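Colleague: Take a look at this one; I'll ask things after.
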Amino acid sequence: MKHLLSIFVGILLCAILPSVAADKYSIIPEPERTELKPQATKTLKLLSDKAEASLGKDAYRLTVTPEGVHLASGGREGRLYGQATLRQLQDQLAAQPEGIPCGVIKDKPRYPWRGLMVDPARHFIPLADLKKFADLMAYYKFNKLHLHLTDDQGWRLPVPGYPRLESVASKRAESFGNGTPHEGMYTRGELKELVAYCAERGIEVIPEIDLPGHNQALAAAYPEFFCFPDHNTKVSTTGGVGLYLVCPQKPEVWKFYAAVFDVLKDIFPSKIVHLGGDEAPLEKTWEKCPLSVKYRQKKGMKDVHEELKEFEGKMASMLAARGKRPQLWYEKPWAEAGIYRKGDTVFTWRMGLTPSTITETKQGLPLIIAAGEHCYLDYPQIPGQDNRGWMPTTTLEQSYKLDPAYGRPEKETDHIIGVQATMWAEQLPTLNHLLYRTYPRAMAIAEAGWTPMNVRSWDNFRRKVADHRAFVLKRFNYDLERTKENEPPFK
């Protein structure tokens, strides 16, 4: 009798539901493998949650039955990703209470690095806003949060012994002529809290300290660190590439960065520190610096790139002494000059250069794809939106077109370790502006970093994005609707 009752309950729950029931899952990023069953369920109660090491540490299997869900995972990462998928299915069921399909999801990421970069250096992002940003990241299985903490427009990392970082470098008079002062500095405690919050969600926080260039804010606070000290220097209120490169031949510079790296070691458990390394006009700075000229002559260096190579090597050694290693934005002239060391992780970012960069980095440089034409999400996403007079439009479809391997075979691309979208914030003054431009395009980048090309589909992705508007609105109180007219206004 008990057996017959069980069968009867199963029939009631497993019965193929009317046509109003969902016939597909709406999971972003799309799982590696999904086997749908001709049955449906109205419950996603977690019936079992077990470890299964043979799956691999970042893999999971989710079995959806009429009675509920069974989760198996190969490690902590896999369990978190399985839970993230379950949350999306729960949101789908809430939006489609007639039921969702039974099935088996077997899943793991295509690439280990799936990151988003935010830019509090340009516009300060309060801790509460960073936490909300991290919540959405975890929902879409991003696992790296890159914090761009220093630039010409602001310095956000507290460093004991250097009070002018907060009193001077963290403040600017306005932004692009808007007349509104802007400032912000994190405390050590806030950054530690962010690291812990992200770690609970499977997200590693990567700090970036930009050098040798992009340092006008530092020059305003400590002009003595630079080749041509100017005590009238102000924190930048515009964008562009400046001439503020720290001087490699001043002992106080090395003392300062030793203190900076000590702070990073204390706050960030990550073994990685991004050291910038982009847009450094050496020919207008170090090449003319009397101290650098004298040093190069003394050492018999043939050009300023040899001095740069030594500078970057010393920075890497300082990080290594603290158990960390550098990442850098890839610059072809640096590569040609032999600046990068074997094993350095670099990011391809310049528009149109990713295919050649994949080739150039094949021998010894792990590569992360942040291709400007797909991954620069500070650009407008709908034609006709504010582009500040120069930004190209990167549509959702354009972001989705990203194949991190660019169609090449694995033997040519096995040094690619992942993808990252960047949200440079010169024009993103609030969380609302940041989220508006980040999403839904970040969902496309998430799928590019997670999902094999053979199971990706633009039409299916568009369907899922439409479903996710309701999911995100209910779970995060944030609306993903995007029209030409509904972007938050810029001052």
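The chains in the structure tokens are called A, B, ... from first to last as shown; in each chain the residues are counted from 1, and the ligands are counted from 1 in the order shown.
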Run DSSP on the backbone of this structure and report the residues of region 216-389 of chain A it assigns to alpha helix (DSSP H), as an NGL selection string.
Modeller: :A and (216-221 or 251-267 or 290-299 or 304-320 or 332-336 or 354-360 or 372-375)
Colleague: Mind writing the picked residues with C-alpha atoms as an mmCIF file, in the first residue's frame?
Modeller:
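New file selection-v3.cif:
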```cif
data_model
loop_
_atom_site.group_PDB
_atom_site.id
_atom_site.type_symbol
_atom_site.label_atom_id
_atom_site.label_comp_id
_atom_site.auth_asym_id
_atom_site.auth_seq_id
_atom_site.Cartn_x
_atom_site.Cartn_y
_atom_site.Cartn_z
ATOM 1 C CA GLN A 216 48.393 62.282 -11.022
ATOM 2 C CA ALA A 217 46.449 61.903 -7.777
ATOM 3 C CA LEU A 218 49.591 60.574 -6.099
ATOM 4 C CA ALA A 219 51.589 63.460 -7.621
ATOM 5 C CA ALA A 220 49.193 65.952 -6.073
ATOM 6 C CA ALA A 221 49.841 64.450 -2.635
ATOM 7 C CA PRO A 251 64.588 55.880 -2.869
ATOM 8 C CA GLU A 252 61.431 57.378 -1.366
ATOM 9 C CA VAL A 253 59.419 55.827 -4.191
ATOM 10 C CA TRP A 254 60.580 52.318 -3.273
ATOM 11 C CA LYS A 255 59.953 52.985 0.398
ATOM 12 C CA PHE A 256 56.427 54.082 -0.466
ATOM 13 C CA TYR A 257 55.587 51.048 -2.579
ATOM 14 C CA ALA A 258 57.016 48.740 0.073
ATOM 15 C CA ALA A 259 54.463 50.268 2.453
ATOM 16 C CA VAL A 260 51.711 49.926 -0.172
ATOM 17 C CA PHE A 261 52.489 46.261 -0.736
ATOM 18 C CA ASP A 262 52.537 45.638 3.024
ATOM 19 C CA VAL A 263 48.993 47.009 3.187
ATOM 20 C CA LEU A 264 47.897 44.822 0.281
ATOM 21 C CA LYS A 265 49.377 41.766 1.979
ATOM 22 C CA ASP A 266 47.482 42.603 5.165
ATOM 23 C CA ILE A 267 44.108 43.213 3.509
ATOM 24 C CA PRO A 290 68.039 63.747 -15.135
ATOM 25 C CA LEU A 291 68.184 61.005 -12.498
ATOM 26 C CA SER A 292 67.074 58.362 -14.978
ATOM 27 C CA VAL A 293 69.443 59.579 -17.691
ATOM 28 C CA LYS A 294 72.365 59.446 -15.266
ATOM 29 C CA TYR A 295 71.353 55.967 -14.050
ATOM 30 C CA ARG A 296 71.018 54.533 -17.561
ATOM 31 C CA GLN A 297 74.416 55.906 -18.496
ATOM 32 C CA LYS A 298 75.981 54.443 -15.360
ATOM 33 C CA LYS A 299 74.451 51.016 -16.031
ATOM 34 C CA VAL A 304 64.553 53.632 -21.344
ATOM 35 C CA HIS A 305 62.863 50.242 -21.815
ATOM 36 C CA GLU A 306 65.800 48.572 -20.101
ATOM 37 C CA GLU A 307 65.170 50.848 -17.131
ATOM 38 C CA LEU A 308 61.481 49.930 -17.262
ATOM 39 C CA LYS A 309 62.314 46.231 -17.336
ATOM 40 C CA GLU A 310 64.422 46.634 -14.200
ATOM 41 C CA PHE A 311 61.664 48.690 -12.547
ATOM 42 C CA GLU A 312 58.995 46.074 -13.226
ATOM 43 C CA GLY A 313 61.352 43.301 -12.110
ATOM 44 C CA LYS A 314 62.001 45.029 -8.785
ATOM 45 C CA MET A 315 58.269 45.525 -8.239
ATOM 46 C CA ALA A 316 57.659 41.853 -8.973
ATOM 47 C CA SER A 317 60.395 40.870 -6.515
ATOM 48 C CA MET A 318 58.852 43.041 -3.816
ATOM 49 C CA LEU A 319 55.509 41.343 -4.387
ATOM 50 C CA ALA A 320 57.123 37.902 -4.385
ATOM 51 C CA LYS A 332 52.810 45.427 -27.423
ATOM 52 C CA PRO A 333 55.810 47.805 -27.142
ATOM 53 C CA TRP A 334 56.490 46.389 -23.666
ATOM 54 C CA ALA A 335 56.377 42.868 -25.061
ATOM 55 C CA GLU A 336 58.717 43.777 -27.894
ATOM 56 C CA THR A 354 43.172 40.577 -29.282
ATOM 57 C CA PRO A 355 43.782 38.125 -32.169
ATOM 58 C CA SER A 356 47.409 39.251 -32.513
ATOM 59 C CA THR A 357 47.836 39.356 -28.731
ATOM 60 C CA ILE A 358 46.713 35.731 -28.459
ATOM 61 C CA THR A 359 49.537 34.826 -30.823
ATOM 62 C CA GLU A 360 52.128 37.071 -29.187
ATOM 63 C CA GLY A 372 37.636 46.378 -25.822
ATOM 64 C CA GLU A 373 35.156 45.620 -28.592
ATOM 65 C CA HIS A 374 33.305 43.086 -26.416
ATOM 66 C CA CYS A 375 34.223 43.680 -22.774
#
```
Colleague: Counting only C-alpha atoms, what is within 6 Å of region 434-445 of chain A, bar same-chain residues fewer than 3 positions away, as a PDB file with N, CA and C atoms, in the first residue's frame?
Modeller:
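Saved the output as selection.pdb:
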```
ATOM      1  N   LEU A 377      32.438  47.629 -20.838  1.00  0.00           N
ATOM      2  CA  LEU A 377      31.015  47.832 -20.594  1.00  0.00           C
ATOM      3  C   LEU A 377      30.684  49.236 -20.110  1.00  0.00           C
ATOM      4  N   ASP A 378      31.686  50.101 -20.010  1.00  0.00           N
ATOM      5  CA  ASP A 378      31.384  51.511 -19.750  1.00  0.00           C
ATOM      6  C   ASP A 378      30.895  52.196 -21.025  1.00  0.00           C
ATOM      7  N   LEU A 396      24.395  44.425 -26.619  1.00  0.00           N
ATOM      8  CA  LEU A 396      24.351  43.139 -25.926  1.00  0.00           C
ATOM      9  C   LEU A 396      24.783  42.019 -26.868  1.00  0.00           C
ATOM     10  N   SER A 399      28.584  41.992 -27.263  1.00  0.00           N
ATOM     11  CA  SER A 399      29.247  41.359 -26.117  1.00  0.00           C
ATOM     12  C   SER A 399      29.082  39.845 -26.179  1.00  0.00           C
ATOM     13  N   TYR A 400      27.893  39.398 -26.593  1.00  0.00           N
ATOM     14  CA  TYR A 400      27.647  37.951 -26.626  1.00  0.00           C
ATOM     15  C   TYR A 400      28.480  37.254 -27.696  1.00  0.00           C
ATOM     16  N   LEU A 428      30.790  57.080 -14.758  1.00  0.00           N
ATOM     17  CA  LEU A 428      29.833  56.276 -13.995  1.00  0.00           C
ATOM     18  C   LEU A 428      29.853  56.713 -12.534  1.00  0.00           C
ATOM     19  N   LEU A 431      26.205  53.954  -8.274  1.00  0.00           N
ATOM     20  CA  LEU A 431      25.930  52.526  -8.463  1.00  0.00           C
ATOM     21  C   LEU A 431      24.892  52.321  -9.553  1.00  0.00           C
ATOM     22  N   ALA A 448      30.263  33.747 -21.961  1.00  0.00           N
ATOM     23  CA  ALA A 448      31.472  33.557 -22.768  1.00  0.00           C
ATOM     24  C   ALA A 448      32.575  32.884 -21.958  1.00  0.00           C
TER      25      ALA A 448
END
```
Colleague: Tell me, in Å to one decimal, how far CA of Ile209 (chain A) is from CA of Met117 (chain A).
Modeller: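 One can read the CA of Ile209 (chain A) to CA of Met117 (chain A) distance as 13.1 Å.
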Colleague: Mind checking which residues fall within 12 Å of Asn454 (chain A), counting only C-alpha atoms, ignoring those fewer than 6 positions away in the same chain, and posting them as a PyMOL selection string?
Modeller: chain A and resi 30-33+110+403+407+448
Colleague: For a test of reading the model, state the distance in Å between CA of Ala53 (chain A) and CA of Pro109 (chain A), rounded to one decimal.
Modeller: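 Distance between the two atoms: 16.0 Å.
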Colleague: Please determine, counting only C-alpha atoms, which residue among A:Gly56, A:Gly115, A:Pro404, A:Pro163 has the shortest atom-to-atom distance to Met453 (chain A).
Modeller: A:Pro404
Colleague: Find the residue from A:Gln420, A:Asn232, A:Thr395, A:Thr63 that sits nearest to Leu44 (chain A); use only C-alpha atoms when measuring.
Modeller: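 Ranking A:Gln420, A:Asn232, A:Thr395, A:Thr63 by distance to Leu44 (chain A), first place goes to A:Thr63.
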Colleague: For the structure I just gave you, how does DSSP split region 223-279 of chain A - specifically, which residues are strand (DSSP E)? Reply as an MDAnalysis selection string.
Modeller: chainID A and resid 272:276
Colleague: Those residues you just picked out, can you put them in a file as an mmCIF file, in the first residue's frame with C-alpha atoms?
Modeller:
```cif
data_model
loop_
_atom_site.group_PDB
_atom_site.id
_atom_site.type_symbol
_atom_site.label_atom_id
_atom_site.label_comp_id
_atom_site.auth_asym_id
_atom_site.auth_seq_id
_atom_site.Cartn_x
_atom_site.Cartn_y
_atom_site.Cartn_z
ATOM 1 C CA ILE A 272 47.668 38.519 -7.194
ATOM 2 C CA VAL A 273 48.218 42.264 -7.405
ATOM 3 C CA HIS A 274 47.460 44.047 -10.641
ATOM 4 C CA LEU A 275 50.186 46.612 -11.330
ATOM 5 C CA GLY A 276 48.555 48.434 -14.231
#
```
Colleague: I'd like to know which of A:Ala134, A:Val118, A:Ala95, A:Val69 is closest to Arg469 (chain A), using only C-alpha atoms.
Modeller: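 Among the listed residues, A:Ala95 lies closest to Arg469 (chain A).
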Colleague: For Gly242 (chain A), list every protein, DNA or RNA residue within 10 Å, evaluated using only C-alpha atoms, and leave out those in the same chain fewer than 5 positions away; present the list as an mmCIF file with N, CA and C atoms, in the first residue's frame.
Modeller:
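Output file out.cif follows:
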```cif
data_model
loop_
_atom_site.group_PDB
_atom_site.id
_atom_site.type_symbol
_atom_site.label_atom_id
_atom_site.label_comp_id
_atom_site.auth_asym_id
_atom_site.auth_seq_id
_atom_site.Cartn_x
_atom_site.Cartn_y
_atom_site.Cartn_z
ATOM 1 N N ASP A 152 44.720 58.687 -11.940
ATOM 2 C CA ASP A 152 44.922 60.138 -11.947
ATOM 3 C C ASP A 152 43.832 60.869 -11.180
ATOM 4 N N GLY A 213 52.589 54.738 -14.453
ATOM 5 C CA GLY A 213 51.792 55.894 -14.832
ATOM 6 C C GLY A 213 50.439 55.949 -14.162
ATOM 7 N N HIS A 214 49.565 56.794 -14.719
ATOM 8 C CA HIS A 214 48.221 57.017 -14.150
ATOM 9 C C HIS A 214 48.324 57.386 -12.676
ATOM 10 N N ASN A 215 49.178 58.337 -12.354
ATOM 11 C CA ASN A 215 49.454 58.641 -10.952
ATOM 12 C C ASN A 215 49.375 60.127 -10.633
ATOM 13 N N GLN A 216 48.506 60.850 -11.311
ATOM 14 C CA GLN A 216 48.393 62.282 -11.022
ATOM 15 C C GLN A 216 47.860 62.540 -9.620
ATOM 16 N N SER A 236 43.467 65.009 -10.971
ATOM 17 C CA SER A 236 42.845 65.231 -12.274
ATOM 18 C C SER A 236 41.325 65.279 -12.173
ATOM 19 N N GLU A 279 49.586 52.661 -20.813
ATOM 20 C CA GLU A 279 49.597 54.090 -21.120
ATOM 21 C C GLU A 279 50.631 54.846 -20.281
ATOM 22 N N ALA A 280 51.886 54.409 -20.406
ATOM 23 C CA ALA A 280 52.985 55.035 -19.667
ATOM 24 C C ALA A 280 53.922 55.705 -20.667
ATOM 25 N N PRO A 281 53.781 57.007 -20.902
ATOM 26 C CA PRO A 281 54.590 57.700 -21.911
ATOM 27 C C PRO A 281 56.039 57.940 -21.447
#
```
Colleague: Go ahead and compute the interatomic distance for CA of Ile105 (chain A) and CA of His468 (chain A), in Å to one decimal.
Modeller: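 Interatomic distance here is 18.9 Å.
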Colleague: Determine, for each residue of region 21-97 of chain A having at least one atom at most 10 Å from an atom of region 184-204 of chain A, the closest pair of atoms and their separation in Å to one decimal, counting only C-alpha atoms; order by chain and ascending number, as CSV.
Modeller:
```
residue,atom,partner,partner_atom,distance
A:Arg76,CA,A:Gly202,CA,8.3
A:Glu77,CA,A:Gly202,CA,6.5
A:Gly78,CA,A:Gly202,CA,9.7
A:Arg79,CA,A:Gly202,CA,9.8
A:Leu80,CA,A:Gly202,CA,6.8
A:Tyr81,CA,A:Gly202,CA,8.5
A:Ala84,CA,A:Arg201,CA,9.5
```
Colleague: Need the shell around Pro392 (chain A): protein/DNA/RNA residues with any atom at most 12 Å away, counting only C-alpha atoms. Skip same-chain ones fewer than 3 positions apart. Format as a list in words?
Modeller: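 Selected residues are Met351, Gly372, Glu373, His374, Tyr376, Leu377, Asp378, Tyr379, Pro380, Gln381, Ile382, Pro383, Gly384, Gln385, Asp386, Asn387, Arg388, Gly389, Thr395 and Gln398 of chain A.
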Colleague: Deliver the residues from the most recent selection as a file, using C-alpha atoms, as a PDB file, in the first residue's frame.
Modeller:
```pdb
ATOM      1  CA  MET A 351      40.346  47.427 -29.545  1.00  0.00           C
ATOM      2  CA  GLY A 372      37.636  46.378 -25.822  1.00  0.00           C
ATOM      3  CA  GLU A 373      35.156  45.620 -28.592  1.00  0.00           C
ATOM      4  CA  HIS A 374      33.305  43.086 -26.416  1.00  0.00           C
ATOM      5  CA  TYR A 376      34.403  47.455 -22.220  1.00  0.00           C
ATOM      6  CA  LEU A 377      31.015  47.832 -20.594  1.00  0.00           C
ATOM      7  CA  ASP A 378      31.384  51.511 -19.750  1.00  0.00           C
ATOM      8  CA  TYR A 379      30.546  52.094 -23.428  1.00  0.00           C
ATOM      9  CA  PRO A 380      26.871  52.722 -24.298  1.00  0.00           C
ATOM     10  CA  GLN A 381      24.838  49.633 -25.162  1.00  0.00           C
ATOM     11  CA  ILE A 382      22.107  51.106 -27.361  1.00  0.00           C
ATOM     12  CA  PRO A 383      22.713  53.366 -30.377  1.00  0.00           C
ATOM     13  CA  GLY A 384      21.853  56.949 -29.548  1.00  0.00           C
ATOM     14  CA  GLN A 385      22.730  56.747 -25.855  1.00  0.00           C
ATOM     15  CA  ASP A 386      25.242  59.202 -24.398  1.00  0.00           C
ATOM     16  CA  ASN A 387      28.694  58.294 -25.706  1.00  0.00           C
ATOM     17  CA  ARG A 388      30.508  61.384 -24.420  1.00  0.00           C
ATOM     18  CA  GLY A 389      31.349  62.248 -28.001  1.00  0.00           C
ATOM     19  CA  THR A 395      25.414  46.174 -27.928  1.00  0.00           C
ATOM     20  CA  GLN A 398      28.225  42.380 -29.648  1.00  0.00           C
TER      21      GLN A 398
END
```
Colleague: My list of candidates is A:Phe176, A:Trp450, A:Phe142, A:Trp286. Which is closest to Phe228 (chain A) when distances are computed with only C-alpha atoms?
Modeller: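 Closest residue, counting only C-alpha atoms: A:Trp286.
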Colleague: So which residues touch Leu36 (chain A) within 9 Å, counting only C-alpha atoms, skipping near sequence neighbours fewer than 2 positions away, as a CSV table (one decimal) with N, CA and C atoms, in the first residue's frame?
Modeller:
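Contents of result-v4.csv, as written:
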```csv
chain,number,residue,atom,x,y,z
A,23,ASP,N,9.2,24.8,-20.6
A,23,ASP,CA,9.8,23.6,-21.2
A,23,ASP,C,11.4,23.7,-21.3
A,24,LYS,N,11.9,24.8,-20.8
A,24,LYS,CA,13.4,24.9,-20.8
A,24,LYS,C,13.8,25.6,-19.5
A,25,TYR,N,15.0,25.5,-19.2
A,25,TYR,CA,15.6,26.2,-18.1
A,25,TYR,C,16.0,27.6,-18.5
A,34,THR,N,22.9,19.8,-20.3
A,34,THR,CA,21.6,19.7,-19.7
A,34,THR,C,20.8,18.6,-20.4
A,38,PRO,N,10.9,14.4,-19.7
A,38,PRO,CA,9.6,14.7,-20.1
A,38,PRO,C,8.6,14.9,-19.0
A,39,GLN,N,9.1,15.3,-17.9
A,39,GLN,CA,8.3,15.5,-16.7
A,39,GLN,C,8.6,16.9,-16.1
A,101,PRO,N,11.0,22.0,-16.0
A,101,PRO,CA,11.3,20.7,-16.3
A,101,PRO,C,12.1,19.9,-15.3
A,102,CYS,N,11.9,18.6,-15.2
A,102,CYS,CA,12.8,17.8,-14.5
A,102,CYS,C,14.0,17.6,-15.4
A,103,GLY,N,15.2,17.2,-14.8
A,103,GLY,CA,16.3,17.0,-15.7
A,103,GLY,C,17.6,16.9,-14.9
A,104,VAL,N,18.7,16.7,-15.6
A,104,VAL,CA,20.0,16.6,-14.9
A,104,VAL,C,21.0,17.6,-15.6
A,105,ILE,N,21.6,18.5,-14.7
A,105,ILE,CA,22.5,19.5,-15.2
A,105,ILE,C,23.9,19.0,-14.7
```
Colleague: His123 (chain A): which residues within 9 Å, counting only C-alpha atoms, same-chain residues fewer than 3 positions away excluded, as JSON, numbers by chain?
Modeller: {"A": [119, 120, 153, 154, 182, 183, 184, 425, 426, 427, 428, 429, 430]}
Colleague: Output N, CA and C atoms for every residue in that selection, as a tab-separated table (two decimals), in the first residue's frame.
Modeller:
```tsv
chain	number	residue	atom	x	y	z
A	119	ASP	N	35.90	50.49	-10.95
A	119	ASP	CA	36.86	51.59	-10.96
A	119	ASP	C	36.53	52.65	-9.91
A	120	PRO	N	36.69	52.32	-8.64
A	120	PRO	CA	36.43	53.33	-7.61
A	120	PRO	C	37.45	54.47	-7.60
A	153	GLN	N	42.63	60.30	-11.15
A	153	GLN	CA	41.47	60.99	-10.57
A	153	GLN	C	41.21	60.66	-9.11
A	154	GLY	N	42.01	59.76	-8.52
A	154	GLY	CA	41.78	59.46	-7.11
A	154	GLY	C	42.60	58.28	-6.62
A	182	HIS	N	34.34	65.72	-5.45
A	182	HIS	CA	34.20	64.27	-5.29
A	182	HIS	C	35.35	63.75	-4.43
A	183	GLU	N	35.04	62.80	-3.52
A	183	GLU	CA	36.08	62.24	-2.68
A	183	GLU	C	35.66	60.87	-2.16
A	184	GLY	N	36.64	60.16	-1.62
A	184	GLY	CA	36.36	58.87	-1.00
A	184	GLY	C	37.64	58.11	-0.72
A	425	ALA	N	35.24	54.10	-14.88
A	425	ALA	CA	34.16	54.88	-14.26
A	425	ALA	C	34.33	56.39	-14.36
A	426	GLU	N	35.08	56.87	-15.36
A	426	GLU	CA	35.11	58.32	-15.53
A	426	GLU	C	33.70	58.89	-15.67
A	427	GLN	N	32.81	58.11	-16.31
A	427	GLN	CA	31.46	58.59	-16.58
A	427	GLN	C	30.39	57.80	-15.81
A	428	LEU	N	30.79	57.08	-14.76
A	428	LEU	CA	29.83	56.28	-13.99
A	428	LEU	C	29.85	56.71	-12.53
A	429	PRO	N	29.15	57.79	-12.20
A	429	PRO	CA	29.29	58.39	-10.88
A	429	PRO	C	28.57	57.68	-9.74
A	430	THR	N	27.59	56.82	-10.05
A	430	THR	CA	26.81	56.19	-8.98
A	430	THR	C	26.66	54.70	-9.28
```
